[in-house]
Amino acid sequence: MKRGKKYLDAVKTFDKAAQFDKEEAISLVKKNAVAKFDETIECHIRTGCDGRHADQQIRGAVVLPNGTGKTVRVLVFAKGPKADEALAAGADYVGGEELIPKIQNDGWFEFDVVVATPDMMGVVGRLGRVLGPKGLMPNPKAGTVTMDVTKAIEEIKAGKIEYRLDKANIVHVPVGKASFTEEQLSQNFDALFDAIMKAKPAALKGTYLKSITLTSTMGPGVKLNVTKLTNVQ
(Lines give C-alpha, C1' and ligand atoms only; values in the text may rest on other atoms or scores of the structure.)
Protein backbone atom coordinates (compact mmCIF):
# COMPACT_ATOMS: atom_id res chain seq x y z
CA MET A 1 0.00 0.00 0.00
CA LYS A 2 1.48 3.34 -1.09
CA ARG A 3 1.74 5.88 1.74
CA GLY A 4 1.80 9.67 1.42
CA LYS A 5 4.70 11.90 2.47
CA LYS A 6 2.90 13.16 5.61
CA TYR A 7 2.33 9.58 6.79
CA LEU A 8 5.95 8.60 6.14
CA ASP A 9 7.18 11.71 7.96
CA ALA A 10 4.93 10.88 10.92
CA VAL A 11 6.26 7.32 11.14
CA LYS A 12 9.78 8.72 11.58
CA THR A 13 8.76 10.56 14.77
CA PHE A 14 8.53 7.40 16.90
CA ASP A 15 9.41 3.70 17.03
CA LYS A 16 6.42 1.83 15.55
CA ALA A 17 7.40 -1.37 17.36
CA ALA A 18 7.47 0.34 20.78
CA GLN A 19 4.63 0.35 23.30
CA PHE A 20 3.69 3.62 24.96
CA ASP A 21 1.88 4.82 28.07
CA LYS A 22 -1.64 6.11 27.35
CA GLU A 23 -0.64 9.78 27.70
CA GLU A 24 2.37 9.41 25.37
CA ALA A 25 0.31 7.51 22.80
CA ILE A 26 -2.45 10.15 22.77
CA SER A 27 0.13 12.93 22.41
CA LEU A 28 1.83 11.16 19.48
CA VAL A 29 -1.44 10.44 17.68
CA LYS A 30 -2.58 14.06 18.07
CA LYS A 31 0.78 15.39 16.87
CA ASN A 32 0.67 13.17 13.78
CA ALA A 33 -2.90 14.08 12.81
CA VAL A 34 -1.81 16.66 10.22
CA ALA A 35 -4.53 16.29 7.57
CA LYS A 36 -6.49 19.36 6.45
CA PHE A 37 -9.65 18.05 8.12
CA ASP A 38 -10.38 17.20 11.76
CA GLU A 39 -9.25 13.57 11.86
CA THR A 40 -11.09 10.97 13.92
CA ILE A 41 -9.01 9.30 16.63
CA GLU A 42 -9.75 5.58 16.66
CA CYS A 43 -8.96 2.76 19.07
CA HIS A 44 -8.35 -0.78 17.80
CA ILE A 45 -8.40 -3.52 20.44
CA ARG A 46 -7.20 -6.99 19.42
CA THR A 47 -8.67 -9.59 21.77
CA GLY A 48 -8.00 -13.24 22.51
CA CYS A 49 -11.72 -14.02 22.15
CA ASP A 50 -13.15 -16.37 19.56
CA GLY A 51 -16.28 -14.63 18.34
CA ARG A 52 -17.51 -17.83 16.66
CA HIS A 53 -18.54 -18.96 20.17
CA ALA A 54 -21.56 -17.14 21.58
CA ASP A 55 -20.08 -17.17 25.10
CA GLN A 56 -16.98 -15.31 23.87
CA GLN A 57 -18.79 -12.50 22.08
CA ILE A 58 -18.25 -8.91 23.16
CA ARG A 59 -20.99 -6.42 22.41
CA GLY A 60 -22.24 -3.38 24.23
CA ALA A 61 -22.27 0.38 24.32
CA VAL A 62 -20.66 3.15 26.33
CA VAL A 63 -21.27 6.90 26.55
CA LEU A 64 -18.01 8.78 25.96
CA PRO A 65 -17.87 11.68 28.47
CA ASN A 66 -16.72 14.15 25.80
CA GLY A 67 -18.70 12.72 22.88
CA THR A 68 -17.24 11.62 19.56
CA GLY A 69 -17.03 15.04 17.92
CA LYS A 70 -19.39 13.78 15.24
CA THR A 71 -23.00 14.76 14.64
CA VAL A 72 -24.92 11.48 14.80
CA ARG A 73 -28.11 11.03 12.76
CA VAL A 74 -30.65 8.80 14.51
CA LEU A 75 -33.43 6.83 12.82
CA VAL A 76 -36.16 5.52 15.11
CA PHE A 77 -38.66 2.81 14.22
CA ALA A 78 -41.72 3.54 16.36
CA LYS A 79 -45.44 4.27 16.05
CA GLY A 80 -48.12 6.24 17.84
CA PRO A 81 -47.07 8.06 21.04
CA LYS A 82 -43.57 6.53 20.88
CA ALA A 83 -43.06 8.07 17.42
CA ASP A 84 -44.09 11.47 18.81
CA GLU A 85 -41.76 10.95 21.79
CA ALA A 86 -38.86 10.12 19.46
CA LEU A 87 -39.39 13.30 17.44
CA ALA A 88 -39.61 15.38 20.61
CA ALA A 89 -36.34 13.82 21.85
CA GLY A 90 -34.48 14.92 18.72
CA ALA A 91 -34.58 11.89 16.41
CA ASP A 92 -33.62 12.85 12.86
CA TYR A 93 -36.03 10.38 11.24
CA VAL A 94 -38.99 8.45 12.64
CA GLY A 95 -41.13 5.93 10.83
CA GLY A 96 -42.25 2.35 10.39
CA GLU A 97 -43.30 0.01 7.61
CA GLU A 98 -43.13 2.76 4.95
CA LEU A 99 -39.34 3.05 5.41
CA ILE A 100 -38.63 -0.55 4.33
CA PRO A 101 -38.75 -0.01 0.52
CA LYS A 102 -36.87 3.28 0.91
CA ILE A 103 -33.97 1.50 2.62
CA GLN A 104 -34.22 -1.86 0.84
CA ASN A 105 -34.88 -0.71 -2.72
CA ASP A 106 -33.69 2.90 -2.87
CA GLY A 107 -30.53 2.40 -0.80
CA TRP A 108 -31.40 5.21 1.62
CA PHE A 109 -28.86 5.32 4.47
CA GLU A 110 -28.92 8.93 5.67
CA PHE A 111 -28.56 7.77 9.29
CA ASP A 112 -25.80 6.53 11.60
CA VAL A 113 -27.73 4.70 14.33
CA VAL A 114 -31.06 2.85 14.32
CA VAL A 115 -33.28 2.65 17.41
CA ALA A 116 -36.46 0.58 17.57
CA THR A 117 -39.20 -0.09 20.08
CA PRO A 118 -39.60 -3.86 20.76
CA ASP A 119 -42.98 -3.99 18.99
CA MET A 120 -41.33 -2.74 15.77
CA MET A 121 -38.63 -5.42 15.62
CA GLY A 122 -40.80 -7.57 13.37
CA VAL A 123 -40.69 -4.76 10.81
CA VAL A 124 -36.98 -4.00 11.35
CA GLY A 125 -36.13 -7.70 11.12
CA ARG A 126 -37.08 -7.61 7.44
CA LEU A 127 -34.16 -5.23 6.93
CA GLY A 128 -31.67 -7.58 8.61
CA ARG A 129 -29.85 -8.37 5.38
CA VAL A 130 -29.12 -4.71 4.63
CA LEU A 131 -28.75 -3.30 8.15
CA GLY A 132 -26.80 -6.24 9.60
CA PRO A 133 -23.66 -6.04 7.41
CA LYS A 134 -23.47 -2.28 8.06
CA GLY A 135 -23.63 -2.79 11.83
CA LEU A 136 -26.90 -0.84 11.97
CA MET A 137 -29.25 -3.52 13.31
CA PRO A 138 -30.83 -2.44 16.62
CA ASN A 139 -29.78 -4.63 19.54
CA PRO A 140 -31.00 -4.80 23.17
CA LYS A 141 -27.40 -5.16 24.47
CA ALA A 142 -26.52 -1.84 22.86
CA GLY A 143 -29.65 -0.20 24.24
CA THR A 144 -31.06 0.41 20.75
CA VAL A 145 -34.09 -1.85 21.21
CA THR A 146 -36.02 -0.10 23.96
CA MET A 147 -39.30 1.49 24.97
CA ASP A 148 -37.36 4.40 26.48
CA VAL A 149 -36.64 6.08 23.14
CA THR A 150 -35.96 9.45 24.79
CA LYS A 151 -33.08 8.05 26.86
CA ALA A 152 -31.68 6.12 23.88
CA ILE A 153 -31.68 9.19 21.61
CA GLU A 154 -30.22 11.49 24.27
CA GLU A 155 -27.37 9.06 25.02
CA ILE A 156 -26.56 8.54 21.34
CA LYS A 157 -26.54 12.28 20.69
CA ALA A 158 -24.34 12.78 23.78
CA GLY A 159 -21.66 10.43 22.46
CA LYS A 160 -22.79 6.85 23.01
CA ILE A 161 -20.82 4.41 20.88
CA GLU A 162 -21.38 0.73 20.25
CA TYR A 163 -18.53 -1.76 20.43
CA ARG A 164 -18.45 -5.30 19.08
CA LEU A 165 -15.98 -7.88 17.79
CA ASP A 166 -15.34 -8.01 14.06
CA LYS A 167 -14.54 -11.27 12.24
CA ALA A 168 -10.88 -10.98 13.28
CA ASN A 169 -11.93 -10.57 16.97
CA ILE A 170 -10.91 -6.91 17.00
CA VAL A 171 -12.96 -4.02 18.40
CA HIS A 172 -12.76 -0.79 16.33
CA VAL A 173 -14.21 2.37 17.89
CA PRO A 174 -13.80 6.17 17.68
CA VAL A 175 -12.65 7.94 20.85
CA GLY A 176 -12.85 11.53 19.60
CA LYS A 177 -11.33 14.00 17.17
CA ALA A 178 -7.81 15.36 16.68
CA SER A 179 -9.16 18.77 17.80
CA PHE A 180 -9.98 17.34 21.25
CA THR A 181 -7.58 18.10 24.09
CA GLU A 182 -5.36 15.28 25.33
CA GLU A 183 -7.40 15.25 28.55
CA GLN A 184 -10.68 14.82 26.65
CA LEU A 185 -9.24 11.95 24.60
CA SER A 186 -7.83 10.37 27.77
CA GLN A 187 -11.21 10.56 29.54
CA ASN A 188 -12.97 9.03 26.53
CA PHE A 189 -10.38 6.26 26.28
CA ASP A 190 -10.75 5.49 30.00
CA ALA A 191 -14.55 5.16 29.66
CA LEU A 192 -14.14 2.80 26.70
CA PHE A 193 -11.37 0.74 28.34
CA ASP A 194 -13.41 0.35 31.53
CA ALA A 195 -16.41 -0.91 29.52
CA ILE A 196 -14.26 -3.36 27.53
CA MET A 197 -12.68 -4.73 30.74
CA LYS A 198 -16.15 -5.26 32.28
CA ALA A 199 -17.27 -7.03 29.09
CA LYS A 200 -14.61 -9.76 29.39
CA PRO A 201 -16.34 -13.08 28.67
CA ALA A 202 -16.29 -15.49 31.62
CA ALA A 203 -15.69 -18.39 29.21
CA LEU A 204 -12.45 -16.91 27.84
CA LYS A 205 -9.26 -18.85 28.53
CA GLY A 206 -5.91 -17.16 28.03
CA THR A 207 -5.07 -13.55 27.22
CA TYR A 208 -8.04 -11.18 26.92
CA LEU A 209 -6.39 -8.06 25.46
CA LYS A 210 -3.60 -8.86 23.01
CA SER A 211 -2.91 -5.34 21.75
CA ILE A 212 -4.38 -1.83 21.74
CA THR A 213 -3.55 0.68 19.03
CA LEU A 214 -4.54 4.33 18.76
CA THR A 215 -4.55 5.97 15.35
CA SER A 216 -5.91 9.00 13.52
CA THR A 217 -7.76 8.73 10.20
CA MET A 218 -4.65 9.40 8.11
CA GLY A 219 -1.85 8.85 10.65
CA PRO A 220 0.17 5.80 11.73
CA GLY A 221 -0.94 3.56 14.58
CA VAL A 222 0.64 3.92 18.03
CA LYS A 223 0.71 0.82 20.28
CA LEU A 224 -0.20 1.10 23.96
CA ASN A 225 1.40 -0.83 26.79
CA VAL A 226 -1.46 -3.23 27.61
CA THR A 227 0.27 -4.69 30.68
CA LYS A 228 0.51 -1.26 32.32
CA LEU A 229 -3.10 -0.43 31.45
CA THR A 230 -4.50 -3.66 32.91
CA ASN A 231 -2.39 -3.34 36.05
CA VAL A 232 -3.89 0.09 36.72
CA GLN A 233 -7.39 -1.41 36.76
# chains A, B, ... in the order shown; residues from 1 in each chain; ligands from 1
>>> residues_around(residues="region 73-82 of chain A", least_positions_apart="2", cutoff="7 Å", atoms="only C-alpha atoms", output="PDB file with N, CA and C atoms, in the first residue's frame")
ATOM      1  N   THR A  71     -21.549  14.619  14.544  1.00  0.00           N
ATOM      2  CA  THR A  71     -23.003  14.761  14.641  1.00  0.00           C
ATOM      3  C   THR A  71     -23.623  13.448  14.190  1.00  0.00           C
ATOM      4  N   ASP A  84     -44.055  10.053  18.393  1.00  0.00           N
ATOM      5  CA  ASP A  84     -44.092  11.467  18.811  1.00  0.00           C
ATOM      6  C   ASP A  84     -42.984  11.754  19.822  1.00  0.00           C
ATOM      7  N   GLU A  85     -42.794  10.805  20.755  1.00  0.00           N
ATOM      8  CA  GLU A  85     -41.761  10.947  21.789  1.00  0.00           C
ATOM      9  C   GLU A  85     -40.365  11.006  21.146  1.00  0.00           C
ATOM     10  N   ALA A  86     -40.161  10.162  20.138  1.00  0.00           N
ATOM     11  CA  ALA A  86     -38.855  10.123  19.456  1.00  0.00           C
ATOM     12  C   ALA A  86     -38.553  11.450  18.767  1.00  0.00           C
ATOM     13  N   ALA A  91     -34.901  12.862  17.462  1.00  0.00           N
ATOM     14  CA  ALA A  91     -34.581  11.889  16.405  1.00  0.00           C
ATOM     15  C   ALA A  91     -34.596  12.600  15.057  1.00  0.00           C
ATOM     16  N   ASP A  92     -33.685  12.212  14.177  1.00  0.00           N
ATOM     17  CA  ASP A  92     -33.616  12.847  12.856  1.00  0.00           C
ATOM     18  C   ASP A  92     -34.693  12.303  11.918  1.00  0.00           C
ATOM     19  N   TYR A  93     -35.001  11.018  12.065  1.00  0.00           N
ATOM     20  CA  TYR A  93     -36.027  10.377  11.239  1.00  0.00           C
ATOM     21  C   TYR A  93     -36.819   9.411  12.114  1.00  0.00           C
ATOM     22  N   VAL A  94     -38.128   9.379  11.908  1.00  0.00           N
ATOM     23  CA  VAL A  94     -38.994   8.450  12.642  1.00  0.00           C
ATOM     24  C   VAL A  94     -39.974   7.846  11.648  1.00  0.00           C
ATOM     25  N   GLY A  95     -40.180   6.549  11.748  1.00  0.00           N
ATOM     26  CA  GLY A  95     -41.132   5.925  10.832  1.00  0.00           C
ATOM     27  C   GLY A  95     -41.334   4.460  11.149  1.00  0.00           C
ATOM     28  N   GLY A  96     -41.967   3.769  10.197  1.00  0.00           N
ATOM     29  CA  GLY A  96     -42.246   2.347  10.393  1.00  0.00           C
ATOM     30  C   GLY A  96     -42.149   1.602   9.079  1.00  0.00           C
ATOM     31  N   PHE A 111     -28.521   7.871   7.821  1.00  0.00           N
ATOM     32  CA  PHE A 111     -28.557   7.772   9.288  1.00  0.00           C
ATOM     33  C   PHE A 111     -27.345   6.971   9.757  1.00  0.00           C
ATOM     34  N   ASP A 112     -26.989   7.186  11.033  1.00  0.00           N
ATOM     35  CA  ASP A 112     -25.803   6.529  11.600  1.00  0.00           C
ATOM     36  C   ASP A 112     -26.144   5.469  12.636  1.00  0.00           C
ATOM     37  N   VAL A 113     -27.298   5.641  13.289  1.00  0.00           N
ATOM     38  CA  VAL A 113     -27.729   4.696  14.331  1.00  0.00           C
ATOM     39  C   VAL A 113     -29.224   4.448  14.172  1.00  0.00           C
ATOM     40  N   VAL A 114     -29.633   3.197  14.385  1.00  0.00           N
ATOM     41  CA  VAL A 114     -31.057   2.849  14.317  1.00  0.00           C
ATOM     42  C   VAL A 114     -31.538   2.408  15.701  1.00  0.00           C
ATOM     43  N   VAL A 115     -32.634   3.017  16.143  1.00  0.00           N
ATOM     44  CA  VAL A 115     -33.276   2.653  17.409  1.00  0.00           C
ATOM     45  C   VAL A 115     -34.657   2.114  17.064  1.00  0.00           C
ATOM     46  N   ALA A 116     -35.118   1.123  17.825  1.00  0.00           N
ATOM     47  CA  ALA A 116     -36.460   0.584  17.571  1.00  0.00           C
ATOM     48  C   ALA A 116     -37.134   0.213  18.880  1.00  0.00           C
ATOM     49  N   THR A 117     -38.445   0.417  18.939  1.00  0.00           N
ATOM     50  CA  THR A 117     -39.205  -0.093  20.081  1.00  0.00           C
ATOM     51  C   THR A 117     -39.397  -1.596  19.843  1.00  0.00           C
ATOM     52  N   MET A 120     -41.643  -3.012  17.179  1.00  0.00           N
ATOM     53  CA  MET A 120     -41.326  -2.736  15.772  1.00  0.00           C
ATOM     54  C   MET A 120     -40.237  -3.665  15.223  1.00  0.00           C
TER      55      MET A 120
END
>>> select_by_dssp(residues="region 13-227 of chain A", states="helix (DSSP H, G or I)", output="PyMOL selection string")
chain A and resi 22-31+54-56+81-88+99-104+118-131+140-142+149-158+182-198+226-227
>>> residues_around(residues="Ala25 (chain A)", least_positions_apart="6", cutoff="10 Å", atoms="only C-alpha atoms", output="PyMOL selection string")
chain A and resi 19+31+182+186+213-215+221-225
>>> atom_distance(atom1="CA of Arg129 (chain A)", atom2="CA of Gly107 (chain A)")
12.4 Å
>>> select_by_dssp(residues="region 27-143 of chain A", states="strand (DSSP E or B)", output="PyMOL selection string")
chain A and resi 40-47+59-63+74-77+93-95+113-116
